[in-house]
Amino acid sequence: MAFRSRRDFLKSLSAAAAVSASNLSSHVTVSMGAEDRLPPTDLHSNREPLAKSSFYPLPLTSIRAKGWLLKQLEIQANGLSGHLDEFWPDVGSESGWLGGSGESWERGPYFLDGLVPLAYTLRDARLIGKSEKWVNWTLEHQQANGMIGPARNDDWWPRMVMLKVLTQYQEATADPRVVPLMQRYFAYQLQELRNRPLRDWGKYRWQDEIASVVWLYNRTGDSDLLRLAEILYQQGYDWRGQFENFTYTSKVSVKELGLYERSPIPDRAMQTHGVNNAMALKSSALRWLFSRSEADRVGVNQQLAALDSYHGIPNGMFSADEHLAGKNPSQGIELCAVVENMFSLEQVLAILGDPLLGDRLEKIAYNALPGTLTDDMWAHQYDQQPNQIECSLSPRPWTTNGPESNLYGLEPNFGCCTANMHQGWPKLTSHLWMATASGGLAAVAYAPCELTTRVRNVFVSIEEQTAYPFDGNILFVIRPQRHVPFPLTLRVPAWAENPSIRVNGRPVESVRPGSFAVINREWKPGDRVELHFPMRPTVSRSYHNSVVIERGPIVYSLDILTEWRKLRSRGMTADWEAYPKSAWNYALDINERTAAAAVELKETGSERSVFTVEGVPVRIEVQGRKIAQWKTENGCAGELPRSPIASDQQRETLRLIPYGAAKLRITAFPELAG
């Protein structure tokens with residue numbers, strides 16, 4: 001089995017340099033309140049010969065969550081993310097990334113890749129203390145030759161993750177040790193790659209290191225980094241080539257993959273691996289920065305189109321449990337793939353400036369991410385299913401994973417997601433706003449927050465007041481220290497019909513769905529920008545012509561009454577099974593033409609956590625009938641009947657809630673025949 005092969009793979013396994021100021025962006029730097037006691041960090045635009053990005057992510061501490069988003073981060077900090085190191089040995093005190101004799105591969109860096117942005121986004125002293133312990137060990141134990149990390153493991157791959165950690169940490173703290181350490185490490189790697197080239201996971205995940213190479217090059221201008229990037233690209237897997245001639249057009253089998261116990265993972269398994277594909281979504285855009293080739297610029301669209309066409313599922317993701325698995329909504333997707341997909345989209349959105357990537361990012365973040373976590377974030381799934389009617393130890397039609405995969409627990413099936421899941425919410429928060437190449441600011445995704453930055457050397461704060469993604473009204477209150485001109489760029493979602501934007505009550509012209517609206521004016525304290533994105537319920541089509549109900553970025557799922565059964569205690573948490581206590585096998589009386597009239601909205605006014613059954617701000621009701629022949633098979637919803645389908649069962653009013661709140665759910669429904 002693939003996860004066992006991964007286990008076997010695991011088992012087999014001075015003075016601070018001054019940073020050049022010549023490339024500092026003149027228009028945006030972070031400015032923080034004195035109470036935060038963190039130094040400012042400058043924003044760096046792309047140096048020649050790199051192509052210019054459309055946007056540039058702001059340093060980590062520029063954006064503070066508010067409202068429901070702040071509550072999500074606080075729940076995360078009080079759950080597994082904030083306590084995992086206290087009881088899970090793989091990121092405990094004996095980790096090799098703390099100098100111990102324990103796990104010395106990817107799990108420590110994975111954990112930090114979420115803990116660091118969570119800690120500094122929340123300004124949480126407890127979590128900052130935890131993260132600094134790990135970062136300091138790496139900074140203080142660089143080998144004489146420049147190598148970093150545990151000496152007992154020389155794999156390039158986990159260091160790629162740690163480099164991402166260090167870049168975030170440096171932006172939050174301006175620690176002068178980070179840049180020199182990265183310079184020494186990259187110089188060592190440049191020489192060493194000739195004799196010890198990329199292999200295994202690093203060969204397929206080279207693009208994650210390229211992101212850190214670009215980060216450092218923009219700060220130092222060291223031309224050797226361009227050489228290193230080219231070598232990484234040449235030694236890495238050709239993801240663009242895979243999707244230009246895509247052959248993985250159906251669910252793959254163990255036999256097709258060539259997976260056997262205690263043997264190396266074959267290339268076909270690596271090429272169809274869900275997390276690898278999620279990470280690879282940023283490969284072509286990062287390569288475009290160097291090549292400026294149109295083929296690289298459009299590469300991400302080819303990747304997304306192929307994955308959507310052959311493996312797309314209703315939560316915005318593609319199926320891969322753990323390898324590409326077709327469009328059946330009873331197939332799953334790994335949590336690691338969800339958070340890595342989000343990070344890839346954040347990176348590519350910054351480089352290419354495509355507003356549709358923002359739509360996709362929100363769909364994944366507001367559905368697939370919360371849908372695979374318990375309400376208190378003390379447990380998670382390895383695999384989630386859009387049509388998920390039972391979470392138990394029953395065998396399922398996974399491509400390669402085991403029967404634990406959709407349990408909610410500490411480390412169901414395999415512990416990589418336990419270490420890696422933490423980056424989802426904090427990195428989304430840090431990428432809500434970006435700087436523009438034209439010297440302004442861009443809102444690329446929406447959630448309640450406050451941006452604190454400088455524009456043209458003027459202190460600016462922008463408060464974003466909204467219940468988005470559950471409500472399409474957004475208010476920006478702009479508070480510059482003094483009058484300052486700059487362009488404000490606002491993403492207009494493609495799903496928003498008749499969107500409107502007003503500045504101090506006056507309408508902005510030519511606001512088009514699926515574009516960026518740019519407001520270029522002199523801003524003064526108290527200016528108000530109001531966005532109105534009408535959220536009309538719509539129907540999209542999925543597997544076997546099934547219907548999926550969406551409203552704005554939110555996908556809606558049947559609210560199945562759930563019985564939670566504790567399977568076993570796991571230190572500070574537990575593993576849980578979930579069983580249905582109500583019927584699930586319904587067809588809906590709805591289609592594209594009738595969606596607006598067939599759906600009744602129910603606003604709850606709840607102030608609870610928005611991704612819980614009790615706390616969802618908006619429910620919907622729709623009519624449906626049971627489909628008697630649609631039955632449970634191996635703990636899953638059986639083969640989805642092809643739409644439309646007739647039923648002689650009694651008509652019922654069904655309650656649907658946001659996907660992220662429905663831990664048991666039907667999301668892709670048969671359409672009821674007229």
# chains A, B, ... in the order shown; residues from 1 in each chain; ligands from 1

call {"tool": "residues_around", "arguments": {"residues": "range 233-239 of chain A", "least_positions_apart": "4", "cutoff": "9 Å", "atoms": "only C-alpha atoms", "output": "list in words"}}
result
Leu193, Pro197, Leu198, Arg199, Gly202, Lys203, Tyr204, Arg205, Trp206, Gln207, Ile210, Leu228, Ala229, Phe243, Glu244, Gln271, Asn277, Ala280, Leu281, Ser283, Ser284, Arg287, Gly299 and Gln303 of chain A

call {"tool": "write_last_selection", "arguments": {"atoms": "N, CA, C and O atoms", "output": "mmCIF file, in the first residue's frame"}}
result
data_model
loop_
_atom_site.group_PDB
_atom_site.id
_atom_site.type_symbol
_atom_site.label_atom_id
_atom_site.label_comp_id
_atom_site.auth_asym_id
_atom_site.auth_seq_id
_atom_site.Cartn_x
_atom_site.Cartn_y
_atom_site.Cartn_z
ATOM 1 N N LEU A 193 24.572 19.487 -5.361
ATOM 2 C CA LEU A 193 23.576 18.893 -6.261
ATOM 3 C C LEU A 193 24.202 18.185 -7.456
ATOM 4 O O LEU A 193 23.572 17.325 -8.065
ATOM 5 N N PRO A 197 21.933 14.648 -6.656
ATOM 6 C CA PRO A 197 20.797 15.364 -7.252
ATOM 7 C C PRO A 197 19.492 15.100 -6.507
ATOM 8 O O PRO A 197 19.405 14.205 -5.643
ATOM 9 N N LEU A 198 18.475 15.879 -6.854
ATOM 10 C CA LEU A 198 17.145 15.690 -6.280
ATOM 11 C C LEU A 198 16.665 14.265 -6.534
ATOM 12 O O LEU A 198 16.891 13.700 -7.607
ATOM 13 N N ARG A 199 15.949 13.721 -5.565
ATOM 14 C CA ARG A 199 15.398 12.374 -5.702
ATOM 15 C C ARG A 199 14.090 12.313 -4.917
ATOM 16 O O ARG A 199 13.758 13.196 -4.140
ATOM 17 N N GLY A 202 11.720 15.220 -3.113
ATOM 18 C CA GLY A 202 12.308 16.478 -3.536
ATOM 19 C C GLY A 202 12.287 16.667 -5.039
ATOM 20 O O GLY A 202 12.132 17.780 -5.537
ATOM 21 N N LYS A 203 12.430 15.596 -5.785
ATOM 22 C CA LYS A 203 12.393 15.663 -7.245
ATOM 23 C C LYS A 203 11.042 16.161 -7.728
ATOM 24 O O LYS A 203 10.948 16.847 -8.759
ATOM 25 N N TYR A 204 9.981 15.820 -7.019
ATOM 26 C CA TYR A 204 8.631 16.212 -7.433
ATOM 27 C C TYR A 204 8.145 17.485 -6.748
ATOM 28 O O TYR A 204 7.097 18.014 -7.104
ATOM 29 N N ARG A 205 8.911 17.991 -5.776
ATOM 30 C CA ARG A 205 8.486 19.163 -5.013
ATOM 31 C C ARG A 205 9.499 20.301 -5.092
ATOM 32 O O ARG A 205 9.554 21.168 -4.220
ATOM 33 N N TRP A 206 10.290 20.308 -6.154
ATOM 34 C CA TRP A 206 11.335 21.310 -6.337
ATOM 35 C C TRP A 206 10.796 22.732 -6.311
ATOM 36 O O TRP A 206 11.491 23.671 -5.895
ATOM 37 N N GLN A 207 9.553 22.905 -6.760
ATOM 38 C CA GLN A 207 9.002 24.255 -6.845
ATOM 39 C C GLN A 207 8.878 24.925 -5.478
ATOM 40 O O GLN A 207 8.931 26.151 -5.382
ATOM 41 N N ILE A 210 12.108 26.623 -5.007
ATOM 42 C CA ILE A 210 12.246 27.775 -5.903
ATOM 43 C C ILE A 210 11.616 29.016 -5.269
ATOM 44 O O ILE A 210 12.144 30.131 -5.394
ATOM 45 N N LEU A 228 21.256 28.168 -9.191
ATOM 46 C CA LEU A 228 20.651 27.126 -8.358
ATOM 47 C C LEU A 228 19.228 26.840 -8.806
ATOM 48 O O LEU A 228 18.822 25.671 -8.913
ATOM 49 N N ALA A 229 18.469 27.888 -9.090
ATOM 50 C CA ALA A 229 17.089 27.689 -9.530
ATOM 51 C C ALA A 229 17.041 26.878 -10.819
ATOM 52 O O ALA A 229 16.174 26.012 -10.989
ATOM 53 N N PHE A 243 1.062 17.754 -17.824
ATOM 54 C CA PHE A 243 -0.293 18.252 -18.073
ATOM 55 C C PHE A 243 -0.505 18.716 -19.506
ATOM 56 O O PHE A 243 -1.639 18.873 -19.937
ATOM 57 N N GLU A 244 0.571 18.911 -20.239
ATOM 58 C CA GLU A 244 0.415 19.170 -21.664
ATOM 59 C C GLU A 244 0.024 17.898 -22.411
ATOM 60 O O GLU A 244 -0.616 17.956 -23.467
ATOM 61 N N GLN A 271 3.736 10.720 -9.673
ATOM 62 C CA GLN A 271 3.100 11.630 -10.618
ATOM 63 C C GLN A 271 1.599 11.763 -10.385
ATOM 64 O O GLN A 271 0.999 12.772 -10.773
ATOM 65 N N ASN A 277 0.663 16.782 -6.677
ATOM 66 C CA ASN A 277 -0.059 17.566 -7.675
ATOM 67 C C ASN A 277 -0.494 18.915 -7.117
ATOM 68 O O ASN A 277 -0.485 19.927 -7.831
ATOM 69 N N ALA A 280 2.470 21.074 -7.057
ATOM 70 C CA ALA A 280 2.929 21.365 -8.418
ATOM 71 C C ALA A 280 2.149 22.486 -9.085
ATOM 72 O O ALA A 280 2.589 23.020 -10.106
ATOM 73 N N LEU A 281 0.998 22.875 -8.544
ATOM 74 C CA LEU A 281 0.196 23.921 -9.180
ATOM 75 C C LEU A 281 0.940 25.254 -9.267
ATOM 76 O O LEU A 281 0.591 26.103 -10.077
ATOM 77 N N SER A 283 4.248 25.369 -9.920
ATOM 78 C CA SER A 283 5.520 25.132 -10.604
ATOM 79 C C SER A 283 5.672 25.984 -11.858
ATOM 80 O O SER A 283 6.713 26.620 -12.067
ATOM 81 N N SER A 284 4.679 26.011 -12.726
ATOM 82 C CA SER A 284 4.816 26.732 -13.986
ATOM 83 C C SER A 284 4.910 28.241 -13.765
ATOM 84 O O SER A 284 5.686 28.929 -14.451
ATOM 85 N N ARG A 287 8.315 29.038 -12.563
ATOM 86 C CA ARG A 287 9.245 28.914 -13.671
ATOM 87 C C ARG A 287 9.123 30.107 -14.616
ATOM 88 O O ARG A 287 10.128 30.576 -15.170
ATOM 89 N N GLY A 299 0.609 27.524 -17.756
ATOM 90 C CA GLY A 299 0.717 26.149 -17.266
ATOM 91 C C GLY A 299 -0.282 25.806 -16.185
ATOM 92 O O GLY A 299 -0.858 24.717 -16.173
ATOM 93 N N GLN A 303 -3.059 22.685 -15.884
ATOM 94 C CA GLN A 303 -3.119 21.754 -14.758
ATOM 95 C C GLN A 303 -4.514 21.715 -14.151
ATOM 96 O O GLN A 303 -5.085 20.642 -13.918
#

call {"tool": "select_by_dssp", "arguments": {"residues": "range 225-373 of chain A", "states": "helix (DSSP H, G or I)", "output": "PyMOL selection string"}}
result
chain A and resi 225-235+239-244+254-257+267-271+274-280+283-291+294-297+299-311+335-352+355-371

call {"tool": "residues_around", "arguments": {"residues": "Pro150 in chain A", "least_positions_apart": "6", "cutoff": "12 Å", "atoms": "only C-alpha atoms", "output": "CSV table (one decimal) with N, CA and C atoms, in the first residue's frame"}}
result
chain,number,residue,atom,x,y,z
A,13,LEU,N,15.3,6.3,5.7
A,13,LEU,CA,16.1,7.5,5.7
A,13,LEU,C,17.2,7.8,6.9
A,94,GLU,N,12.0,15.3,21.4
A,94,GLU,CA,13.1,14.4,20.9
A,94,GLU,C,13.2,14.5,19.4
A,95,SER,N,12.5,15.5,18.8
A,95,SER,CA,12.6,15.6,17.3
A,95,SER,C,14.0,15.9,16.9
A,96,GLY,N,14.4,15.3,15.8
A,96,GLY,CA,15.7,15.6,15.2
A,96,GLY,C,15.9,17.1,14.9
A,97,TRP,N,14.8,17.8,14.7
A,97,TRP,CA,14.9,19.2,14.4
A,97,TRP,C,15.0,20.1,15.7
A,98,LEU,N,15.1,19.4,16.8
A,98,LEU,CA,15.5,20.0,18.1
A,98,LEU,C,16.7,19.4,18.6
A,99,GLY,N,17.4,18.6,17.8
A,99,GLY,CA,18.7,18.0,18.2
A,99,GLY,C,18.5,16.7,18.9
A,100,GLY,N,17.3,16.1,18.9
A,100,GLY,CA,17.0,14.8,19.5
A,100,GLY,C,17.2,13.7,18.6
A,101,SER,N,16.9,12.5,19.1
A,101,SER,CA,17.1,11.3,18.3
A,101,SER,C,15.8,10.8,17.6
A,102,GLY,N,14.7,11.6,17.7
A,102,GLY,CA,13.5,11.2,17.1
A,102,GLY,C,13.3,11.5,15.7
A,103,GLU,N,12.1,11.7,15.2
A,103,GLU,CA,11.8,11.9,13.8
A,103,GLU,C,12.6,13.1,13.2
A,104,SER,N,13.3,12.8,12.1
A,104,SER,CA,14.2,13.8,11.6
A,104,SER,C,14.0,14.1,10.1
A,105,TRP,N,12.7,13.9,9.6
A,105,TRP,CA,12.5,14.1,8.2
A,105,TRP,C,11.5,15.3,8.1
A,106,GLU,N,10.3,15.2,7.7
A,106,GLU,CA,9.5,16.3,7.3
A,106,GLU,C,8.5,16.8,8.4
A,108,GLY,N,8.7,17.8,11.7
A,108,GLY,CA,9.0,19.1,12.4
A,108,GLY,C,8.9,20.3,11.5
A,109,PRO,N,9.5,20.3,10.3
A,109,PRO,CA,9.3,21.5,9.4
A,109,PRO,C,7.8,21.7,9.0
A,137,TRP,N,16.9,26.5,17.0
A,137,TRP,CA,17.8,25.3,16.8
A,137,TRP,C,18.4,25.2,15.4
A,138,THR,N,17.6,25.4,14.4
A,138,THR,CA,18.1,25.4,13.1
A,138,THR,C,19.1,26.5,12.8
A,141,HIS,N,22.5,25.7,14.7
A,141,HIS,CA,23.2,24.5,14.4
A,141,HIS,C,23.5,24.2,13.0
A,142,GLN,N,23.7,25.3,12.2
A,142,GLN,CA,24.2,25.1,10.8
A,142,GLN,C,25.5,24.5,10.8
A,143,GLN,N,25.7,23.4,10.0
A,143,GLN,CA,27.0,22.8,9.9
A,143,GLN,C,28.0,23.7,9.2
A,156,TRP,N,17.1,16.3,0.7
A,156,TRP,CA,16.8,17.7,0.4
A,156,TRP,C,15.4,18.2,0.8
A,158,PRO,N,12.9,17.8,3.2
A,158,PRO,CA,12.4,18.5,4.4
A,158,PRO,C,13.0,19.8,4.6
A,159,ARG,N,14.2,20.0,4.0
A,159,ARG,CA,14.9,21.4,4.1
A,159,ARG,C,14.1,22.4,3.3
A,162,MET,N,11.6,23.7,5.6
A,162,MET,CA,12.2,24.5,6.6
A,162,MET,C,12.6,25.9,6.1

call {"tool": "select_by_dssp", "arguments": {"residues": "range 318-560 of chain A", "states": "strand (DSSP E or B)", "output": "PyMOL selection string"}}
result
chain A and resi 318+320+323-324+333-334+373+380+383-384+388+391+408-409+433-436+441-443+449-455+458-466+473-480+484-492+500-503+506-507+515-523+527-532+538-541+547-551+554-558

call {"tool": "closest_residue", "arguments": {"among": "A:Gly92, A:Pro266, A:Pro314, A:Gly660", "to": "Thr372 in chain A", "atoms": "only C-alpha atoms"}}
result
A:Gly660

call {"tool": "residues_around", "arguments": {"residues": "range 419-428 of chain A", "least_positions_apart": "4", "cutoff": "6 Å", "atoms": "only C-alpha atoms", "output": "ChimeraX atom specification"}}
result
/A:107,110-111,114,117-118,339

call {"tool": "write_last_selection", "arguments": {"atoms": "all heavy atoms", "output": "PDB file, in the first residue's frame"}}
result
ATOM      1  N   ARG A 107       8.326  16.061   9.448  1.00  0.00           N
ATOM      2  CA  ARG A 107       7.223  16.420  10.346  1.00  0.00           C
ATOM      3  C   ARG A 107       7.498  17.652  11.193  1.00  0.00           C
ATOM      4  O   ARG A 107       6.597  18.467  11.421  1.00  0.00           O
ATOM      5  CB  ARG A 107       6.826  15.207  11.188  1.00  0.00           C
ATOM      6  CG  ARG A 107       6.274  14.117  10.289  1.00  0.00           C
ATOM      7  CD  ARG A 107       5.619  12.984  11.004  1.00  0.00           C
ATOM      8  NE  ARG A 107       5.114  12.014  10.020  1.00  0.00           N
ATOM      9  CZ  ARG A 107       4.507  10.890  10.317  1.00  0.00           C
ATOM     10  NH1 ARG A 107       4.318  10.562  11.585  1.00  0.00           N
ATOM     11  NH2 ARG A 107       4.082  10.087   9.368  1.00  0.00           N
ATOM     12  N   TYR A 110       7.099  20.600   8.721  1.00  0.00           N
ATOM     13  CA  TYR A 110       5.676  20.728   8.409  1.00  0.00           C
ATOM     14  C   TYR A 110       4.937  21.437   9.551  1.00  0.00           C
ATOM     15  O   TYR A 110       4.133  22.351   9.324  1.00  0.00           O
ATOM     16  CB  TYR A 110       5.064  19.346   8.213  1.00  0.00           C
ATOM     17  CG  TYR A 110       4.942  18.846   6.792  1.00  0.00           C
ATOM     18  CD1 TYR A 110       4.696  17.491   6.550  1.00  0.00           C
ATOM     19  CD2 TYR A 110       5.019  19.695   5.695  1.00  0.00           C
ATOM     20  CE1 TYR A 110       4.553  17.003   5.256  1.00  0.00           C
ATOM     21  CE2 TYR A 110       4.881  19.224   4.407  1.00  0.00           C
ATOM     22  CZ  TYR A 110       4.644  17.879   4.192  1.00  0.00           C
ATOM     23  OH  TYR A 110       4.498  17.403   2.912  1.00  0.00           O
ATOM     24  N   PHE A 111       5.165  20.988  10.768  1.00  0.00           N
ATOM     25  CA  PHE A 111       4.496  21.565  11.934  1.00  0.00           C
ATOM     26  C   PHE A 111       4.783  23.059  12.030  1.00  0.00           C
ATOM     27  O   PHE A 111       3.886  23.885  12.230  1.00  0.00           O
ATOM     28  CB  PHE A 111       4.951  20.828  13.184  1.00  0.00           C
ATOM     29  CG  PHE A 111       4.376  21.338  14.473  1.00  0.00           C
ATOM     30  CD1 PHE A 111       3.011  21.533  14.629  1.00  0.00           C
ATOM     31  CD2 PHE A 111       5.200  21.612  15.552  1.00  0.00           C
ATOM     32  CE1 PHE A 111       2.476  21.993  15.831  1.00  0.00           C
ATOM     33  CE2 PHE A 111       4.679  22.066  16.752  1.00  0.00           C
ATOM     34  CZ  PHE A 111       3.321  22.262  16.896  1.00  0.00           C
ATOM     35  N   GLY A 114       3.058  25.793   9.735  1.00  0.00           N
ATOM     36  CA  GLY A 114       1.774  26.337  10.167  1.00  0.00           C
ATOM     37  C   GLY A 114       1.861  27.048  11.498  1.00  0.00           C
ATOM     38  O   GLY A 114       1.176  28.049  11.737  1.00  0.00           O
ATOM     39  N   PRO A 117       3.301  30.966  11.188  1.00  0.00           N
ATOM     40  CA  PRO A 117       2.329  32.003  10.801  1.00  0.00           C
ATOM     41  C   PRO A 117       1.159  32.113  11.767  1.00  0.00           C
ATOM     42  O   PRO A 117       0.624  33.213  11.966  1.00  0.00           O
ATOM     43  CB  PRO A 117       1.869  31.568   9.406  1.00  0.00           C
ATOM     44  CG  PRO A 117       2.186  30.118   9.310  1.00  0.00           C
ATOM     45  CD  PRO A 117       3.421  29.918  10.147  1.00  0.00           C
ATOM     46  N   LEU A 118       0.744  31.019  12.389  1.00  0.00           N
ATOM     47  CA  LEU A 118      -0.337  31.094  13.372  1.00  0.00           C
ATOM     48  C   LEU A 118       0.099  31.919  14.570  1.00  0.00           C
ATOM     49  O   LEU A 118      -0.633  32.807  15.044  1.00  0.00           O
ATOM     50  CB  LEU A 118      -0.748  29.687  13.813  1.00  0.00           C
ATOM     51  CG  LEU A 118      -1.843  29.609  14.873  1.00  0.00           C
ATOM     52  CD1 LEU A 118      -3.165  30.135  14.330  1.00  0.00           C
ATOM     53  CD2 LEU A 118      -2.022  28.167  15.366  1.00  0.00           C
ATOM     54  N   VAL A 339      -4.386  21.914   2.042  1.00  0.00           N
ATOM     55  CA  VAL A 339      -3.610  23.077   2.484  1.00  0.00           C
ATOM     56  C   VAL A 339      -2.493  23.409   1.500  1.00  0.00           C
ATOM     57  O   VAL A 339      -2.152  24.589   1.316  1.00  0.00           O
ATOM     58  CB  VAL A 339      -3.059  22.875   3.907  1.00  0.00           C
ATOM     59  CG1 VAL A 339      -4.216  22.774   4.904  1.00  0.00           C
ATOM     60  CG2 VAL A 339      -2.159  21.653   4.017  1.00  0.00           C
TER      61      VAL A 339
END

call {"tool": "closest_residue", "arguments": {"among": "A:Ala350, A:Leu84, A:Leu373, A:Ala661", "to": "Met434 in chain A", "atoms": "only C-alpha atoms"}}
result
A:Ala350

call {"tool": "closest_residue", "arguments": {"among": "A:Thr374, A:Asn195, A:Thr272, A:Thr667", "to": "Ala578 in chain A", "atoms": "only C-alpha atoms"}}
result
A:Thr374

call {"tool": "closest_residue", "arguments": {"among": "A:His323, A:Arg665, A:Arg196, A:Arg541", "to": "Trp398 in chain A", "atoms": "only C-alpha atoms"}}
result
A:His323

call {"tool": "atom_distance", "arguments": {"atom1": "CA of Arg570 in chain A", "atom2": "CA of Leu664 in chain A"}}
result
22.4 Å

call {"tool": "residues_around", "arguments": {"residues": "Pro644 in chain A", "least_positions_apart": "5", "cutoff": "9 Å", "atoms": "only C-alpha atoms", "output": "number ranges by chain"}}
result
A: 545-546, 587, 670-674

call {"tool": "write_last_selection", "arguments": {"atoms": "all heavy atoms", "output": "compact mmCIF listing (two decimals), in the first residue's frame"}}
result
# COMPACT_ATOMS: atom_id res chain seq x y z
N ASN A 545 -24.04 13.74 -13.86
CA ASN A 545 -24.98 14.83 -14.07
C ASN A 545 -25.68 15.25 -12.78
O ASN A 545 -26.79 15.79 -12.80
CB ASN A 545 -26.01 14.46 -15.13
CG ASN A 545 -26.66 15.68 -15.76
OD1 ASN A 545 -26.02 16.71 -15.95
ND2 ASN A 545 -27.95 15.59 -16.06
N SER A 546 -25.04 14.99 -11.65
CA SER A 546 -25.63 15.35 -10.37
C SER A 546 -25.66 16.87 -10.20
O SER A 546 -24.97 17.61 -10.91
CB SER A 546 -24.84 14.72 -9.22
OG SER A 546 -23.47 15.10 -9.30
N ALA A 587 -32.90 12.71 -3.82
CA ALA A 587 -32.76 13.50 -5.05
C ALA A 587 -33.43 14.84 -4.81
O ALA A 587 -34.44 14.93 -4.09
CB ALA A 587 -33.39 12.77 -6.23
N PRO A 670 -28.54 13.46 -6.93
CA PRO A 670 -29.29 13.24 -8.16
C PRO A 670 -30.35 14.33 -8.32
O PRO A 670 -30.90 14.83 -7.34
CB PRO A 670 -29.95 11.87 -7.95
CG PRO A 670 -29.24 11.25 -6.79
CD PRO A 670 -28.75 12.38 -5.94
N GLU A 671 -30.62 14.69 -9.55
CA GLU A 671 -31.71 15.62 -9.83
C GLU A 671 -33.00 14.82 -9.99
O GLU A 671 -33.03 13.81 -10.69
CB GLU A 671 -31.45 16.42 -11.11
CG GLU A 671 -32.59 17.36 -11.47
CD GLU A 671 -32.50 17.91 -12.87
OE1 GLU A 671 -31.46 17.67 -13.53
OE2 GLU A 671 -33.47 18.55 -13.32
N LEU A 672 -34.05 15.28 -9.34
CA LEU A 672 -35.34 14.62 -9.40
C LEU A 672 -35.99 14.87 -10.76
O LEU A 672 -36.07 16.01 -11.22
CB LEU A 672 -36.23 15.12 -8.27
CG LEU A 672 -37.49 14.32 -7.94
CD1 LEU A 672 -37.13 12.92 -7.45
CD2 LEU A 672 -38.29 15.07 -6.87
N ALA A 673 -36.43 13.81 -11.39
CA ALA A 673 -37.09 13.95 -12.69
C ALA A 673 -38.42 14.66 -12.51
O ALA A 673 -39.14 14.45 -11.52
CB ALA A 673 -37.29 12.59 -13.33
N GLY A 674 -38.76 15.50 -13.49
CA GLY A 674 -39.99 16.27 -13.41
C GLY A 674 -41.22 15.41 -13.45
O GLY A 674 -42.23 15.71 -12.87

call {"tool": "closest_residue", "arguments": {"among": "A:Ala51, A:Met572, A:Val458, A:Pro658", "to": "Glu294 in chain A", "atoms": "only C-alpha atoms"}}
result
A:Ala51

call {"tool": "decode", "arguments": {"residues": "range 114-142 of chain A", "atoms": "C-alpha atoms", "output": "tab-separated table (two decimals), in the first residue's frame"}}
result
chain	number	residue	atom	x	y	z
A	114	GLY	CA	1.77	26.34	10.17
A	115	LEU	CA	2.81	27.14	13.74
A	116	VAL	CA	5.00	30.11	12.81
A	117	PRO	CA	2.33	32.00	10.80
A	118	LEU	CA	-0.34	31.09	13.37
A	119	ALA	CA	1.79	32.34	16.27
A	120	TYR	CA	2.79	35.65	14.71
A	121	THR	CA	-0.59	36.35	13.09
A	122	LEU	CA	-2.25	35.99	16.50
A	123	ARG	CA	0.64	37.70	18.35
A	124	ASP	CA	0.34	34.76	20.74
A	125	ALA	CA	3.30	34.80	23.16
A	126	ARG	CA	2.88	31.14	24.06
A	127	LEU	CA	2.95	29.98	20.46
A	128	ILE	CA	5.74	32.42	19.55
A	129	GLY	CA	7.83	30.88	22.31
A	130	LYS	CA	7.17	27.41	20.99
A	131	SER	CA	8.03	28.29	17.41
A	132	GLU	CA	11.19	30.21	18.34
A	133	LYS	CA	12.56	27.14	20.11
A	134	TRP	CA	12.47	25.21	16.83
A	135	VAL	CA	13.68	28.04	14.61
A	136	ASN	CA	16.56	28.87	16.94
A	137	TRP	CA	17.82	25.29	16.84
A	138	THR	CA	18.10	25.43	13.06
A	139	LEU	CA	19.70	28.88	13.11
A	140	GLU	CA	22.20	27.89	15.81
A	141	HIS	CA	23.21	24.46	14.45
A	142	GLN	CA	24.16	25.09	10.83
